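These notes are about the structure you will find just below.
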Amino acid sequence: MRTAFHLTSGDEDHQKTVLTIAENLSNDETIELDDIAVVAQSKGIAPLTSDGAHSDTVRELMDAGISFKACSNTLEMMDIDDADLVEGVEKVSSGASELTRLQDDGYAYLRP
Amino acid sequence: MRTAFHLTSGDEDHQKTVLTIAENLSNDETIELDDIAVVAQSKGIAPLTSDGAHSDTVRELMDAGISFKACSNTLEMMDIDDADLVEGVEKVSSGASELTRLQDDGYAYLRP
Amino acid sequence: MRTAFHLTSGDEDHQKTVLTIAENLSNDETIELDDIAVVAQSKGIAPLTSDGAHSDTVRELMDAGISFKACSNTLEMMDIDDADLVEGVEKVSSGASELTRLQDDGYAYLRP
């Protein structure tokens, strides 16, 4: 099984909750997961930027095997350069198209 | 592939974000989509009413091929008449049943 | 068809909206549903506790056949004992793993 999280909230407490839930899922030994992806867009992009709140948590979760994907529309609209992203973050054409593709490919969708 | 958006928030900024993400998806040339539907209920119904915030955006997105569906429970509870809806909005028995049907029919679900 | 609701918000009005939408779905005669489950985690756990806001609504919906599942991670983190839960609430290893399993099993996902 595979799971995709949708991170769109600009609220830092909410962002932390989403990241904690993703972390808890990766630590849950009752389920075998082939992939956990976090797709960020809109104000939810902040934790994926180098100086964003919770960027350290994003780095830790990437080390634990969780992948992070940033919406290119959002990056353009917010004038965020590649160099501003946490190393290892993947850019996708749009958050919505990526989440459509992932669900079409069998991923469960979670939007805490 | 097909995508259904769930619009429930009463926050006008949030409503605008959902509509913008739907619009960006319809403009994303990296994905071929047969349908994009926005299912609105609860306080998220406002943009689908003639004098609601962002109703002009709803009209533009309908012209671009995105369909809008209004929850009948919500319309009844909020005392919204058919004549109050943006022309072209489809009524569905309930937002939750419609989104269940759409997912059962293969639509991806997005709730930004 | 089957539907799983994700309840994570700490806002009592929002919690009430989620429960009302679940109730309306169970009363919608245009769709035949084999199961409706509400998976609660984070601050959304409150209505599933005996003295939480809307716990009476949770009891009524359980009587109407809707099942409620509480995230064990949340219970531990918030120091909530089994005895504090509304009778009949099922504990699951984590909200995210349960919602992944349910979607993998064909449930639609709704996060109002």
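Going through the structure tokens in order, the chains are called A, B, and so on, while each chain numbers its residues from 1 and the ligands are numbered from 1 in the order shown.
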Least-squares superposed chain C, target chain A, every Cα, as a compact mmCIF listing (two decimals) with N, CA, C and O atoms, in the first residue's frame:
```
# COMPACT_ATOMS: atom_id res chain seq x y z
N MET C 1 0.84 -1.21 0.01
CA MET C 1 0.00 0.00 0.00
C MET C 1 0.88 1.25 -0.01
O MET C 1 2.04 1.20 0.40
N ARG C 2 0.31 2.32 -0.48
CA ARG C 2 1.04 3.59 -0.57
C ARG C 2 0.09 4.72 -0.18
O ARG C 2 -1.12 4.62 -0.38
N THR C 3 0.65 5.79 0.36
CA THR C 3 -0.17 6.88 0.88
C THR C 3 0.39 8.23 0.46
O THR C 3 1.60 8.47 0.57
N ALA C 4 -0.49 9.11 0.00
CA ALA C 4 -0.09 10.48 -0.35
C ALA C 4 -0.78 11.46 0.59
O ALA C 4 -2.01 11.40 0.76
N PHE C 5 0.00 12.34 1.17
CA PHE C 5 -0.55 13.41 2.02
C PHE C 5 -0.64 14.71 1.23
O PHE C 5 0.25 15.02 0.43
N HIS C 6 -1.69 15.45 1.48
CA HIS C 6 -1.88 16.75 0.83
C HIS C 6 -1.67 17.84 1.88
O HIS C 6 -2.41 17.92 2.86
N LEU C 7 -0.65 18.65 1.65
CA LEU C 7 -0.28 19.70 2.62
C LEU C 7 -0.54 21.06 1.98
O LEU C 7 0.18 21.48 1.06
N THR C 8 -1.60 21.74 2.44
CA THR C 8 -1.96 23.03 1.82
C THR C 8 -2.11 24.15 2.84
O THR C 8 -2.19 25.31 2.47
N SER C 9 -2.15 23.81 4.11
CA SER C 9 -2.44 24.82 5.12
C SER C 9 -1.24 25.72 5.42
O SER C 9 -0.10 25.26 5.45
N GLY C 10 -1.52 26.98 5.64
CA GLY C 10 -0.47 27.94 6.01
C GLY C 10 -0.28 28.02 7.53
O GLY C 10 0.62 28.69 8.00
N ASP C 11 -1.14 27.35 8.26
CA ASP C 11 -1.06 27.37 9.73
C ASP C 11 0.07 26.44 10.21
O ASP C 11 0.06 25.24 9.91
N GLU C 12 1.02 27.00 10.95
CA GLU C 12 2.21 26.21 11.32
C GLU C 12 1.88 25.04 12.24
O GLU C 12 2.52 23.99 12.15
N ASP C 13 0.89 25.21 13.11
CA ASP C 13 0.48 24.08 13.96
C ASP C 13 -0.12 22.96 13.11
O ASP C 13 0.14 21.78 13.35
N HIS C 14 -0.92 23.38 12.13
CA HIS C 14 -1.55 22.40 11.25
C HIS C 14 -0.49 21.67 10.43
O HIS C 14 -0.54 20.45 10.24
N GLN C 15 0.48 22.44 9.92
CA GLN C 15 1.58 21.82 9.15
C GLN C 15 2.29 20.77 9.99
O GLN C 15 2.59 19.67 9.52
N LYS C 16 2.55 21.12 11.25
CA LYS C 16 3.24 20.20 12.16
C LYS C 16 2.41 18.92 12.36
O LYS C 16 2.95 17.82 12.38
N THR C 17 1.09 19.10 12.48
CA THR C 17 0.21 17.94 12.65
C THR C 17 0.30 17.00 11.45
O THR C 17 0.40 15.78 11.60
N VAL C 18 0.27 17.57 10.25
CA VAL C 18 0.36 16.74 9.03
C VAL C 18 1.68 15.96 9.02
O VAL C 18 1.70 14.74 8.75
N LEU C 19 2.78 16.65 9.35
CA LEU C 19 4.09 15.98 9.34
C LEU C 19 4.17 14.90 10.42
O LEU C 19 4.73 13.82 10.19
N THR C 20 3.59 15.17 11.58
CA THR C 20 3.60 14.18 12.67
C THR C 20 2.79 12.94 12.28
O THR C 20 3.19 11.80 12.55
N ILE C 21 1.64 13.17 11.63
CA ILE C 21 0.81 12.03 11.21
C ILE C 21 1.55 11.19 10.16
O ILE C 21 1.50 9.96 10.19
N ALA C 22 2.26 11.86 9.25
CA ALA C 22 3.05 11.13 8.25
C ALA C 22 4.14 10.32 8.93
O ALA C 22 4.39 9.15 8.59
N GLU C 23 4.79 10.93 9.93
CA GLU C 23 5.86 10.24 10.66
C GLU C 23 5.30 9.03 11.41
O GLU C 23 5.89 7.94 11.37
N ASN C 24 4.18 9.23 12.10
CA ASN C 24 3.57 8.12 12.83
C ASN C 24 3.19 6.98 11.89
O ASN C 24 3.31 5.81 12.23
N LEU C 25 2.72 7.35 10.69
CA LEU C 25 2.36 6.31 9.71
C LEU C 25 3.60 5.50 9.33
O LEU C 25 3.54 4.26 9.25
N SER C 26 4.72 6.20 9.12
CA SER C 26 5.94 5.48 8.70
C SER C 26 6.47 4.60 9.83
O SER C 26 7.21 3.64 9.59
N ASN C 27 6.09 4.91 11.07
CA ASN C 27 6.53 4.11 12.23
C ASN C 27 5.53 3.03 12.63
O ASN C 27 5.79 2.25 13.54
N ASP C 28 4.36 3.01 11.96
CA ASP C 28 3.31 2.07 12.32
C ASP C 28 3.65 0.69 11.78
O ASP C 28 3.64 0.47 10.56
N GLU C 29 3.95 -0.24 12.67
CA GLU C 29 4.40 -1.56 12.23
C GLU C 29 3.26 -2.49 11.85
O GLU C 29 3.49 -3.63 11.43
N THR C 30 2.01 -2.01 11.98
CA THR C 30 0.88 -2.87 11.63
C THR C 30 0.54 -2.79 10.14
O THR C 30 -0.35 -3.49 9.66
N ILE C 31 1.24 -1.90 9.41
CA ILE C 31 0.94 -1.74 7.99
C ILE C 31 2.25 -1.73 7.20
O ILE C 31 3.25 -1.16 7.64
N GLU C 32 2.25 -2.42 6.06
CA GLU C 32 3.44 -2.43 5.22
C GLU C 32 3.23 -1.45 4.07
O GLU C 32 2.36 -1.65 3.23
N LEU C 33 4.04 -0.39 4.06
CA LEU C 33 3.87 0.66 3.06
C LEU C 33 5.06 0.71 2.13
O LEU C 33 6.22 0.70 2.57
N ASP C 34 4.78 0.77 0.83
CA ASP C 34 5.86 0.86 -0.16
C ASP C 34 6.29 2.30 -0.37
O ASP C 34 7.40 2.55 -0.83
N ASP C 35 5.41 3.25 -0.06
CA ASP C 35 5.79 4.65 -0.25
C ASP C 35 4.86 5.57 0.54
O ASP C 35 3.67 5.30 0.66
N ILE C 36 5.44 6.63 1.07
CA ILE C 36 4.68 7.73 1.65
C ILE C 36 5.18 9.00 0.98
O ILE C 36 6.39 9.28 1.00
N ALA C 37 4.27 9.75 0.36
CA ALA C 37 4.64 11.00 -0.31
C ALA C 37 3.84 12.14 0.29
O ALA C 37 2.67 11.97 0.65
N VAL C 38 4.48 13.29 0.43
CA VAL C 38 3.79 14.49 0.88
C VAL C 38 3.82 15.50 -0.27
O VAL C 38 4.90 15.90 -0.72
N VAL C 39 2.63 15.87 -0.76
CA VAL C 39 2.54 16.83 -1.86
C VAL C 39 2.10 18.17 -1.29
O VAL C 39 1.03 18.28 -0.70
N ALA C 40 2.97 19.19 -1.45
CA ALA C 40 2.70 20.50 -0.84
C ALA C 40 2.39 21.53 -1.90
O ALA C 40 3.01 21.56 -2.97
N GLN C 41 1.41 22.38 -1.59
CA GLN C 41 1.09 23.47 -2.50
C GLN C 41 0.47 24.61 -1.70
O GLN C 41 0.22 24.47 -0.51
N SER C 42 0.25 25.74 -2.38
CA SER C 42 -0.30 26.91 -1.72
C SER C 42 0.55 27.24 -0.48
O SER C 42 1.74 27.04 -0.49
N LYS C 43 -0.07 27.70 0.57
CA LYS C 43 0.71 28.09 1.74
C LYS C 43 1.37 26.90 2.45
O LYS C 43 2.21 27.08 3.32
N GLY C 44 0.96 25.70 2.07
CA GLY C 44 1.55 24.49 2.64
C GLY C 44 2.96 24.23 2.15
O GLY C 44 3.62 23.28 2.60
N ILE C 45 3.44 25.05 1.23
CA ILE C 45 4.78 24.85 0.67
C ILE C 45 5.88 25.24 1.67
O ILE C 45 7.02 24.74 1.56
N ALA C 46 5.54 26.10 2.64
CA ALA C 46 6.56 26.69 3.51
C ALA C 46 7.52 25.68 4.16
O ALA C 46 8.74 25.90 4.15
N PRO C 47 7.01 24.57 4.73
CA PRO C 47 7.94 23.65 5.38
C PRO C 47 8.96 23.02 4.42
O PRO C 47 9.97 22.50 4.88
N LEU C 48 8.69 23.09 3.11
CA LEU C 48 9.62 22.52 2.14
C LEU C 48 10.70 23.51 1.71
O LEU C 48 11.55 23.18 0.89
N THR C 49 10.63 24.74 2.25
CA THR C 49 11.67 25.73 1.93
C THR C 49 12.72 25.75 3.04
O THR C 49 12.40 25.47 4.21
N SER C 50 13.93 26.10 2.65
CA SER C 50 15.09 25.94 3.55
C SER C 50 14.90 26.64 4.89
O SER C 50 15.29 26.13 5.93
N ASP C 51 14.30 27.81 4.85
CA ASP C 51 14.17 28.56 6.10
C ASP C 51 12.72 28.56 6.62
O ASP C 51 12.37 29.37 7.46
N GLY C 52 11.91 27.62 6.12
CA GLY C 52 10.52 27.55 6.56
C GLY C 52 10.39 26.87 7.92
O GLY C 52 11.27 26.11 8.33
N ALA C 53 9.31 27.18 8.62
CA ALA C 53 9.01 26.48 9.87
C ALA C 53 8.92 24.99 9.57
O ALA C 53 8.38 24.60 8.54
N HIS C 54 9.46 24.18 10.46
CA HIS C 54 9.39 22.72 10.34
C HIS C 54 10.25 22.15 9.21
O HIS C 54 10.11 20.97 8.87
N SER C 55 11.15 22.96 8.61
CA SER C 55 11.99 22.41 7.54
C SER C 55 12.93 21.33 8.09
O SER C 55 13.28 20.39 7.37
N ASP C 56 13.29 21.45 9.36
CA ASP C 56 14.14 20.40 9.96
C ASP C 56 13.38 19.08 10.04
O ASP C 56 13.95 18.01 9.81
N THR C 57 12.09 19.18 10.36
CA THR C 57 11.27 17.96 10.39
C THR C 57 11.18 17.34 9.01
O THR C 57 11.25 16.12 8.85
N VAL C 58 11.03 18.20 7.98
CA VAL C 58 10.98 17.69 6.61
C VAL C 58 12.27 16.93 6.28
O VAL C 58 12.24 15.83 5.71
N ARG C 59 13.41 17.51 6.67
CA ARG C 59 14.70 16.82 6.41
C ARG C 59 14.75 15.47 7.11
O ARG C 59 15.18 14.47 6.54
N GLU C 60 14.29 15.43 8.36
CA GLU C 60 14.30 14.16 9.10
C GLU C 60 13.40 13.11 8.45
O GLU C 60 13.76 11.94 8.34
N LEU C 61 12.23 13.56 8.00
CA LEU C 61 11.30 12.60 7.38
C LEU C 61 11.83 12.11 6.04
O LEU C 61 11.62 10.96 5.66
N MET C 62 12.53 12.99 5.30
CA MET C 62 13.15 12.55 4.05
C MET C 62 14.21 11.50 4.34
O MET C 62 14.32 10.50 3.61
N ASP C 63 14.97 11.69 5.41
CA ASP C 63 15.98 10.70 5.79
C ASP C 63 15.30 9.37 6.14
O ASP C 63 15.89 8.30 5.96
N ALA C 64 14.07 9.46 6.65
CA ALA C 64 13.34 8.25 7.02
C ALA C 64 12.63 7.62 5.82
O ALA C 64 11.91 6.63 5.97
N GLY C 65 12.79 8.23 4.62
CA GLY C 65 12.26 7.60 3.41
C GLY C 65 10.97 8.20 2.87
O GLY C 65 10.43 7.73 1.87
N ILE C 66 10.46 9.25 3.51
CA ILE C 66 9.25 9.91 3.02
C ILE C 66 9.66 10.92 1.94
O ILE C 66 10.61 11.66 2.10
N SER C 67 8.95 10.92 0.81
CA SER C 67 9.30 11.85 -0.27
C SER C 67 8.43 13.09 -0.22
O SER C 67 7.27 13.05 0.22
N PHE C 68 9.01 14.21 -0.63
CA PHE C 68 8.30 15.50 -0.60
C PHE C 68 8.28 16.09 -2.00
O PHE C 68 9.30 16.15 -2.68
N LYS C 69 7.09 16.55 -2.41
CA LYS C 69 6.90 17.08 -3.75
C LYS C 69 6.30 18.47 -3.68
O LYS C 69 5.32 18.69 -2.97
N ALA C 70 6.90 19.39 -4.43
CA ALA C 70 6.46 20.79 -4.40
C ALA C 70 5.77 21.15 -5.71
O ALA C 70 6.25 20.83 -6.79
N CYS C 71 4.64 21.84 -5.60
CA CYS C 71 3.85 22.28 -6.75
C CYS C 71 4.55 23.43 -7.48
O CYS C 71 4.81 24.48 -6.89
N SER C 72 4.83 23.24 -8.76
CA SER C 72 5.55 24.27 -9.53
C SER C 72 4.74 25.55 -9.67
O SER C 72 5.30 26.65 -9.67
N ASN C 73 3.43 25.42 -9.79
CA ASN C 73 2.59 26.63 -9.85
C ASN C 73 2.79 27.50 -8.61
O ASN C 73 2.90 28.71 -8.70
N THR C 74 2.81 26.84 -7.46
CA THR C 74 3.00 27.56 -6.20
C THR C 74 4.37 28.22 -6.16
O THR C 74 4.50 29.38 -5.76
N LEU C 75 5.40 27.47 -6.56
CA LEU C 75 6.77 28.01 -6.53
C LEU C 75 6.87 29.27 -7.38
O LEU C 75 7.47 30.27 -6.97
N GLU C 76 6.22 29.21 -8.55
CA GLU C 76 6.27 30.37 -9.45
C GLU C 76 5.50 31.54 -8.86
O GLU C 76 5.99 32.67 -8.82
N MET C 77 4.30 31.25 -8.35
CA MET C 77 3.44 32.30 -7.82
C MET C 77 4.08 32.98 -6.60
O MET C 77 3.92 34.18 -6.38
N MET C 78 4.80 32.19 -5.79
CA MET C 78 5.40 32.73 -4.57
C MET C 78 6.86 33.14 -4.78
O MET C 78 7.55 33.48 -3.83
N ASP C 79 7.31 33.00 -6.06
CA ASP C 79 8.68 33.42 -6.40
C ASP C 79 9.72 32.68 -5.56
O ASP C 79 10.66 33.30 -5.03
N ILE C 80 9.56 31.38 -5.46
CA ILE C 80 10.50 30.54 -4.71
C ILE C 80 11.43 29.84 -5.71
O ILE C 80 10.97 29.15 -6.62
N ASP C 81 12.73 30.05 -5.55
CA ASP C 81 13.71 29.43 -6.45
C ASP C 81 14.03 28.00 -6.01
O ASP C 81 13.82 27.64 -4.86
N ASP C 82 14.59 27.24 -6.94
CA ASP C 82 15.03 25.87 -6.62
C ASP C 82 15.97 25.88 -5.42
O ASP C 82 15.92 25.00 -4.56
N ALA C 83 16.82 26.89 -5.37
CA ALA C 83 17.83 26.96 -4.30
C ALA C 83 17.19 27.19 -2.94
O ALA C 83 17.83 26.96 -1.90
N ASP C 84 15.94 27.65 -2.93
CA ASP C 84 15.25 27.91 -1.66
C ASP C 84 14.62 26.65 -1.08
O ASP C 84 14.15 26.65 0.07
N LEU C 85 14.56 25.58 -1.88
CA LEU C 85 13.90 24.35 -1.41
C LEU C 85 14.85 23.49 -0.60
O LEU C 85 16.07 23.48 -0.84
N VAL C 86 14.30 22.78 0.36
CA VAL C 86 15.07 21.78 1.09
C VAL C 86 15.65 20.78 0.07
O VAL C 86 14.94 20.37 -0.86
N GLU C 87 16.91 20.43 0.23
CA GLU C 87 17.56 19.53 -0.73
C GLU C 87 16.83 18.19 -0.76
O GLU C 87 16.57 17.61 0.29
N GLY C 88 16.50 17.74 -1.96
CA GLY C 88 15.84 16.45 -2.09
C GLY C 88 14.36 16.58 -2.42
O GLY C 88 13.73 15.60 -2.83
N VAL C 89 13.81 17.79 -2.27
CA VAL C 89 12.41 18.01 -2.63
C VAL C 89 12.28 17.93 -4.16
O VAL C 89 13.09 18.48 -4.89
N GLU C 90 11.27 17.21 -4.61
CA GLU C 90 11.03 17.04 -6.03
C GLU C 90 9.98 18.06 -6.50
O GLU C 90 9.01 18.30 -5.80
N LYS C 91 10.21 18.66 -7.66
CA LYS C 91 9.20 19.56 -8.20
C LYS C 91 8.23 18.79 -9.09
O LYS C 91 8.65 17.93 -9.87
N VAL C 92 6.93 19.09 -8.96
CA VAL C 92 5.92 18.45 -9.82
C VAL C 92 5.15 19.56 -10.54
O VAL C 92 5.09 20.69 -10.06
N SER C 93 4.58 19.22 -11.70
CA SER C 93 3.96 20.26 -12.53
C SER C 93 2.89 21.02 -11.75
O SER C 93 2.83 22.24 -11.77
N SER C 94 2.04 20.29 -11.05
CA SER C 94 1.08 20.94 -10.15
C SER C 94 0.70 19.95 -9.07
O SER C 94 0.72 18.73 -9.27
N GLY C 95 0.38 20.47 -7.89
CA GLY C 95 0.02 19.60 -6.78
C GLY C 95 -1.19 18.75 -7.12
O GLY C 95 -1.24 17.55 -6.81
N ALA C 96 -2.17 19.37 -7.77
CA ALA C 96 -3.42 18.66 -8.06
C ALA C 96 -3.23 17.56 -9.09
O ALA C 96 -3.81 16.47 -8.97
N SER C 97 -2.39 17.81 -10.11
CA SER C 97 -2.18 16.76 -11.11
C SER C 97 -1.39 15.61 -10.49
O SER C 97 -1.67 14.44 -10.77
N GLU C 98 -0.43 15.93 -9.64
CA GLU C 98 0.36 14.87 -9.02
C GLU C 98 -0.52 13.99 -8.13
O GLU C 98 -0.43 12.77 -8.16
N LEU C 99 -1.40 14.63 -7.35
CA LEU C 99 -2.27 13.86 -6.46
C LEU C 99 -3.31 13.06 -7.25
O LEU C 99 -3.76 12.00 -6.80
N THR C 100 -3.70 13.57 -8.40
CA THR C 100 -4.59 12.80 -9.28
C THR C 100 -3.85 11.57 -9.81
O THR C 100 -4.38 10.44 -9.76
N ARG C 101 -2.62 11.78 -10.27
CA ARG C 101 -1.81 10.66 -10.79
C ARG C 101 -1.57 9.61 -9.71
O ARG C 101 -1.70 8.41 -9.94
N LEU C 102 -1.21 10.07 -8.50
CA LEU C 102 -0.89 9.13 -7.43
C LEU C 102 -2.12 8.30 -7.06
O LEU C 102 -2.04 7.08 -6.88
N GLN C 103 -3.30 8.95 -6.94
CA GLN C 103 -4.50 8.19 -6.63
C GLN C 103 -4.86 7.23 -7.75
O GLN C 103 -5.27 6.09 -7.53
N ASP C 104 -4.66 7.69 -9.01
CA ASP C 104 -4.93 6.81 -10.14
C ASP C 104 -4.00 5.59 -10.11
O ASP C 104 -4.35 4.52 -10.60
N ASP C 105 -2.84 5.78 -9.49
CA ASP C 105 -1.84 4.72 -9.40
C ASP C 105 -2.04 3.88 -8.13
O ASP C 105 -1.21 3.02 -7.82
N GLY C 106 -3.11 4.16 -7.36
CA GLY C 106 -3.43 3.31 -6.22
C GLY C 106 -3.08 3.87 -4.85
O GLY C 106 -3.31 3.20 -3.85
N TYR C 107 -2.50 5.07 -4.81
CA TYR C 107 -2.21 5.67 -3.52
C TYR C 107 -3.49 6.04 -2.79
O TYR C 107 -4.44 6.56 -3.41
N ALA C 108 -3.52 5.83 -1.48
CA ALA C 108 -4.56 6.41 -0.63
C ALA C 108 -4.25 7.90 -0.49
O ALA C 108 -3.10 8.33 -0.61
N TYR C 109 -5.30 8.68 -0.25
CA TYR C 109 -5.17 10.13 -0.11
C TYR C 109 -5.52 10.53 1.31
O TYR C 109 -6.55 10.11 1.84
N LEU C 110 -4.66 11.32 1.92
CA LEU C 110 -4.95 11.81 3.27
C LEU C 110 -4.74 13.31 3.32
O LEU C 110 -3.69 13.82 2.91
N ARG C 111 -5.73 13.99 3.84
CA ARG C 111 -5.62 15.44 4.01
C ARG C 111 -6.03 15.76 5.44
O ARG C 111 -7.20 16.06 5.71
N PRO C 112 -5.08 15.61 6.38
CA PRO C 112 -5.44 15.82 7.79
C PRO C 112 -5.91 17.25 8.04
O PRO C 112 -5.62 18.14 7.25
```
| request: Apply DSSP to the backbone of this structure and, from chain C, keep only the residues in alpha helix (DSSP H); write these as a ChimeraX atom specification. | output: /C:12-27,55-63,72-77,95-104
| request: Using DSSP on the backbone, list every residue of range 28-97 of chain B that comes out as strand (DSSP E or B), and give them as a list of chain:residue names. | output: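 Filtering range 28-97 of chain B down to strand (DSSP E or B) leaves B:Asp35, B:Ile36, B:Ala37, B:Val38, B:Val39, B:Ala40, B:Thr49, B:Ser67, B:Phe68, B:Lys69, B:Ala70, B:Cys71, B:Leu85, B:Glu90, B:Lys91, B:Val92.
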Create the file for the chosen residues now, containing C-alpha atoms and written as an mmCIF file, in the first residue's frame.
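Saved result, out39.cif, follows:
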```
data_model
loop_
_atom_site.group_PDB
_atom_site.id
_atom_site.type_symbol
_atom_site.label_atom_id
_atom_site.label_comp_id
_atom_site.auth_asym_id
_atom_site.auth_seq_id
_atom_site.Cartn_x
_atom_site.Cartn_y
_atom_site.Cartn_z
ATOM 1 C CA ASP B 35 -13.486 15.685 -16.160
ATOM 2 C CA ILE B 36 -12.986 18.054 -13.262
ATOM 3 C CA ALA B 37 -15.914 18.434 -10.858
ATOM 4 C CA VAL B 38 -16.273 20.680 -7.824
ATOM 5 C CA VAL B 39 -18.744 19.418 -5.216
ATOM 6 C CA ALA B 40 -19.786 22.128 -2.771
ATOM 7 C CA THR B 49 -24.711 31.286 -5.497
ATOM 8 C CA SER B 67 -18.610 21.241 -13.562
ATOM 9 C CA PHE B 68 -20.077 22.449 -10.267
ATOM 10 C CA LYS B 69 -22.411 20.435 -8.068
ATOM 11 C CA ALA B 70 -24.399 21.736 -5.098
ATOM 12 C CA CYS B 71 -25.502 19.605 -2.132
ATOM 13 C CA LEU B 85 -27.611 29.387 -7.941
ATOM 14 C CA GLU B 90 -26.106 20.912 -10.937
ATOM 15 C CA LYS B 91 -27.964 19.854 -7.789
ATOM 16 C CA VAL B 92 -26.987 16.513 -6.211
#
```
